[in-house]
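Trainee: Here's a structure for you.
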Amino acid sequence: MVPIITFVSVFILNIFTLYAYYNSKTLGVQDIPNERSMHKKTTKKSAGVVFVIITIFSMLFLKFFLNVEIKYFYPLLLGIGFTSTLGLFDDIYKLSSVFRFVTELVFFFFLGYFFLPEFQILGLNLFQNQLFNYAILSVYFVFIINITNFMDGIDMYLSLILFVVIINFSMISSYFLLQEYTFYILSVGILAFLFFNSPPAKLFMGDSGSLPLGFLIAILPFFHSKPTVEIAEIGFLVPVFLIDGISTIVKRIFHKKNIFLAHREHLYQRISDSIFTKKQTAIIFSLFNLGGGIIYFLFYNKSVNFVLLLTGNLVLYQSLYFYLNKKCRLEKKGK
């Protein structure tokens, strides 16, 4: 088990660095609110780069100075570094969506091809040609990373989800994820970040933080103790993200709206506007997400077919989405 001194030192380092970043008059990117924003005043963003840099340097120190074995060290290091750098450039320069997606697709194709093992989707190996399989894997990474980015719209939400995902993964794989140093150190950093991100937020993580968190969520199925990697397990890890994200994208396409433009149409945003406070919404939606891990834990080991269980899980969450969506509309009409 990681010694308590690691927790304390990493936590204090994050707190002091975030505090210095918050008070710096020269460092930082300002997020100026507009009609689509969930915040009302200008707030410094890109704080995600703080806990990402501390995580990366901690990984390097553990690997090369203490000779600690870190599972998937190179894909984690490259993936976290790439997504945070891309996110930081996006925070500063507002990169075009096309450039971002193409860059991500190319990067994750090569990351998967050179560093990650073979995988399955719903128990199937889709193509005999591994190049096609890793092209599919690249699309999977880009999709989960950007869905996660879409969910970073209210204070605390994405930070809390990380801890819920760790619990869900532990229920799905019977493996306590915080035994992995990378996730342990990052979780400590996120815990420190919550002090600055609790409503009303003093700092936002920005794309420099949300993109690497999305990458870490996407790569989780590869840490499962089973001999075969099943990436469809993501449906139990972040069902709320998937249902809210996909449903909103489909609705915007149906109404001929640009899915890449910022908006306030995600369910969690509308709930926060009409029914609950930001903090209540973040906590409630994070707790909803726990259901995916609980459903897997209760039923998969009872010899329930994986595809059937995943379908039932997503149908349940889609039904919950429809119910809350209707409640939102009624609440809005009542006002």
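Numbering starts fresh at 1 for the residues of each chain in the structure tokens, the chains themselves are lettered A, B, ... in the order given, and ligands are numbered from 1 as they appear.
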Do you know which residues are at most 8 Å from stretch 110-119 of chain A counting only C-alpha atoms, after dropping those on the same chain fewer than 4 positions away, and could you put them as a ChimeraX atom specification?
Mentor: /A:72,74-75,79,106,125,131,134,137-138,228-231
Trainee: For stretch 267-275 of chain A, find every residue with an atom within 9 Å (counting only C-alpha atoms), except residues of its own chain fewer than 3 positions away, and show them as a list of chain:residue names.
Mentor: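 Those residues are A:Met38, A:Met151, A:Gly153, A:Ile154, A:Asp244, A:Gly245, A:Thr248, A:Arg264, A:Lys278, A:Lys279, A:Gln280, A:Thr281, A:Ala282, A:Phe285, A:Tyr321, A:Leu324, A:Asn325, A:Lys327, A:Cys328, A:Arg329, A:Glu331, A:Lys332, A:Lys335.
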Trainee: Which residues are close to stretch 87-100 of chain A, i.e. within 10 Å by only C-alpha atoms, leaving aside same-chain residues fewer than 6 positions away? Reply as an NGL selection string.
Mentor: :A and (28-31 or 45-49 or 81 or 142 or 149 or 205-212 or 260-261)
Trainee: Could you write out the selected residues, including N, CA and C atoms, as a CSV table (one decimal), in the first residue's frame?
Mentor:
chain,number,residue,atom,x,y,z
A,28,GLY,N,-2.0,32.1,-16.0
A,28,GLY,CA,-3.4,31.7,-16.0
A,28,GLY,C,-4.1,32.2,-17.2
A,29,VAL,N,-5.2,31.4,-17.5
A,29,VAL,CA,-6.1,31.8,-18.6
A,29,VAL,C,-7.5,32.1,-18.0
A,30,GLN,N,-8.0,33.2,-18.4
A,30,GLN,CA,-9.3,33.7,-17.8
A,30,GLN,C,-10.5,33.1,-18.6
A,31,ASP,N,-11.4,32.6,-17.9
A,31,ASP,CA,-12.7,32.1,-18.6
A,31,ASP,C,-13.7,33.2,-18.4
A,45,LYS,N,-9.0,29.5,-15.5
A,45,LYS,CA,-9.1,28.1,-15.8
A,45,LYS,C,-7.7,27.5,-16.1
A,46,SER,N,-7.7,26.3,-16.7
A,46,SER,CA,-6.4,25.6,-17.0
A,46,SER,C,-5.7,25.2,-15.7
A,47,ALA,N,-6.4,25.1,-14.6
A,47,ALA,CA,-5.7,24.6,-13.4
A,47,ALA,C,-5.4,23.1,-13.4
A,48,GLY,N,-6.1,22.5,-14.4
A,48,GLY,CA,-5.8,21.0,-14.5
A,48,GLY,C,-4.3,20.7,-14.8
A,49,VAL,N,-3.6,21.7,-15.5
A,49,VAL,CA,-2.2,21.5,-15.8
A,49,VAL,C,-1.4,21.3,-14.5
A,81,GLY,N,0.2,13.3,-21.0
A,81,GLY,CA,1.0,14.5,-21.5
A,81,GLY,C,0.4,15.1,-22.7
A,142,VAL,N,-11.1,8.9,-28.5
A,142,VAL,CA,-11.6,10.3,-28.8
A,142,VAL,C,-13.0,10.5,-28.3
A,149,ASN,N,-15.1,15.7,-21.6
A,149,ASN,CA,-14.9,17.2,-21.7
A,149,ASN,C,-16.3,17.9,-21.7
A,205,MET,N,-10.7,23.5,-14.1
A,205,MET,CA,-9.5,22.7,-14.6
A,205,MET,C,-9.3,22.9,-16.0
A,206,GLY,N,-10.3,23.4,-16.8
A,206,GLY,CA,-10.1,23.6,-18.2
A,206,GLY,C,-9.9,22.3,-19.0
A,207,ASP,N,-9.7,22.5,-20.3
A,207,ASP,CA,-9.5,21.3,-21.2
A,207,ASP,C,-8.1,20.6,-20.8
A,208,SER,N,-7.2,21.4,-20.2
A,208,SER,CA,-5.9,20.8,-19.8
A,208,SER,C,-6.1,19.8,-18.7
A,209,GLY,N,-7.2,19.8,-18.0
A,209,GLY,CA,-7.5,18.9,-17.0
A,209,GLY,C,-8.6,17.9,-17.4
A,210,SER,N,-9.6,18.3,-18.1
A,210,SER,CA,-10.7,17.4,-18.5
A,210,SER,C,-10.3,16.4,-19.5
A,211,LEU,N,-9.5,16.8,-20.5
A,211,LEU,CA,-9.0,15.8,-21.5
A,211,LEU,C,-8.2,14.7,-20.9
A,212,PRO,N,-7.2,14.9,-20.1
A,212,PRO,CA,-6.5,13.8,-19.5
A,212,PRO,C,-7.3,13.0,-18.6
A,260,PHE,N,-20.5,21.0,-31.9
A,260,PHE,CA,-19.2,21.4,-31.3
A,260,PHE,C,-19.3,22.7,-30.6
A,261,LEU,N,-20.4,23.5,-30.8
A,261,LEU,CA,-20.5,24.8,-30.2
A,261,LEU,C,-20.9,24.6,-28.7
Trainee: For each of A:Leu287, A:Leu220, A:Leu242, A:Leu194, take the minimum atom-to-atom distance to A:Asn146, counting only C-alpha atoms, then give the residue where this is smallest.
Mentor: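 Smallest separation from A:Asn146 among the options: A:Leu242.
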Trainee: Fewer than 3 positions away in the same chain doesn't count, so skip those; otherwise give me all residues within 12 Å of A:His224, counting only C-alpha atoms, as a PyMOL selection string.
Mentor: chain A and resi 71+119+168-177+180+219-221+227-231+233-234
Trainee: Dump N, CA and C atoms for the selected residues as a short mmCIF file (atom, residue, chain, number, x, y, z; two decimals), in the first residue's frame?
Mentor:
data_model
loop_
_atom_site.label_atom_id
_atom_site.label_comp_id
_atom_site.auth_asym_id
_atom_site.auth_seq_id
_atom_site.Cartn_x
_atom_site.Cartn_y
_atom_site.Cartn_z
N LYS A 71 2.06 -0.01 -14.10
CA LYS A 71 1.39 -0.69 -15.22
C LYS A 71 1.07 0.30 -16.33
N PHE A 119 -7.96 -6.14 -27.88
CA PHE A 119 -9.15 -5.90 -27.07
C PHE A 119 -10.36 -6.47 -27.80
N ASN A 168 -16.49 2.33 -9.11
CA ASN A 168 -17.13 1.45 -10.09
C ASN A 168 -16.14 0.43 -10.64
N PHE A 169 -14.94 0.90 -10.98
CA PHE A 169 -13.94 -0.02 -11.53
C PHE A 169 -13.58 -1.10 -10.52
N SER A 170 -13.49 -0.72 -9.26
CA SER A 170 -13.16 -1.69 -8.21
C SER A 170 -14.24 -2.76 -8.10
N MET A 171 -15.52 -2.36 -8.28
CA MET A 171 -16.62 -3.33 -8.23
C MET A 171 -16.63 -4.22 -9.47
N ILE A 172 -16.27 -3.65 -10.62
CA ILE A 172 -16.30 -4.41 -11.86
C ILE A 172 -15.14 -5.40 -11.96
N SER A 173 -13.97 -4.98 -11.51
CA SER A 173 -12.76 -5.79 -11.72
C SER A 173 -12.28 -6.52 -10.48
N SER A 174 -12.90 -6.24 -9.32
CA SER A 174 -12.42 -6.78 -8.04
C SER A 174 -10.96 -6.41 -7.80
N TYR A 175 -10.59 -5.23 -8.28
CA TYR A 175 -9.22 -4.74 -8.14
C TYR A 175 -9.28 -3.29 -7.71
N PHE A 176 -8.65 -2.97 -6.57
CA PHE A 176 -8.71 -1.61 -6.04
C PHE A 176 -7.75 -0.73 -6.82
N LEU A 177 -8.32 0.16 -7.61
CA LEU A 177 -7.53 0.94 -8.57
C LEU A 177 -6.49 1.83 -7.92
N GLU A 180 -2.75 1.40 -8.01
CA GLU A 180 -1.95 1.90 -9.13
C GLU A 180 -1.50 3.32 -8.79
N ILE A 219 -9.03 4.54 -20.67
CA ILE A 219 -8.04 3.46 -20.63
C ILE A 219 -8.31 2.44 -19.52
N LEU A 220 -9.26 2.74 -18.64
CA LEU A 220 -9.50 1.88 -17.48
C LEU A 220 -9.78 0.41 -17.82
N PRO A 221 -10.58 0.09 -18.86
CA PRO A 221 -10.81 -1.33 -19.14
C PRO A 221 -9.53 -2.14 -19.35
N PRO A 227 -7.99 -11.76 -18.60
CA PRO A 227 -6.99 -11.88 -19.67
C PRO A 227 -7.37 -11.14 -20.94
N THR A 228 -8.68 -10.97 -21.20
CA THR A 228 -9.11 -10.24 -22.39
C THR A 228 -9.66 -8.86 -21.99
N VAL A 229 -9.31 -7.86 -22.76
CA VAL A 229 -9.75 -6.49 -22.49
C VAL A 229 -11.09 -6.27 -23.19
N GLU A 230 -12.10 -5.87 -22.43
CA GLU A 230 -13.44 -5.60 -22.97
C GLU A 230 -13.74 -4.12 -22.80
N ILE A 231 -13.61 -3.36 -23.89
CA ILE A 231 -13.76 -1.91 -23.74
C ILE A 231 -15.22 -1.49 -23.55
N GLU A 233 -16.96 -2.34 -21.25
CA GLU A 233 -17.16 -2.15 -19.80
C GLU A 233 -17.31 -0.67 -19.45
N ILE A 234 -16.91 0.20 -20.36
CA ILE A 234 -17.06 1.64 -20.11
C ILE A 234 -18.53 1.99 -19.85
#
Trainee: Expressed in Å to a single decimal, how great is the separation between atom CA of A:Phe141 and atom CA of A:Leu290?
Mentor: 21.7 Å
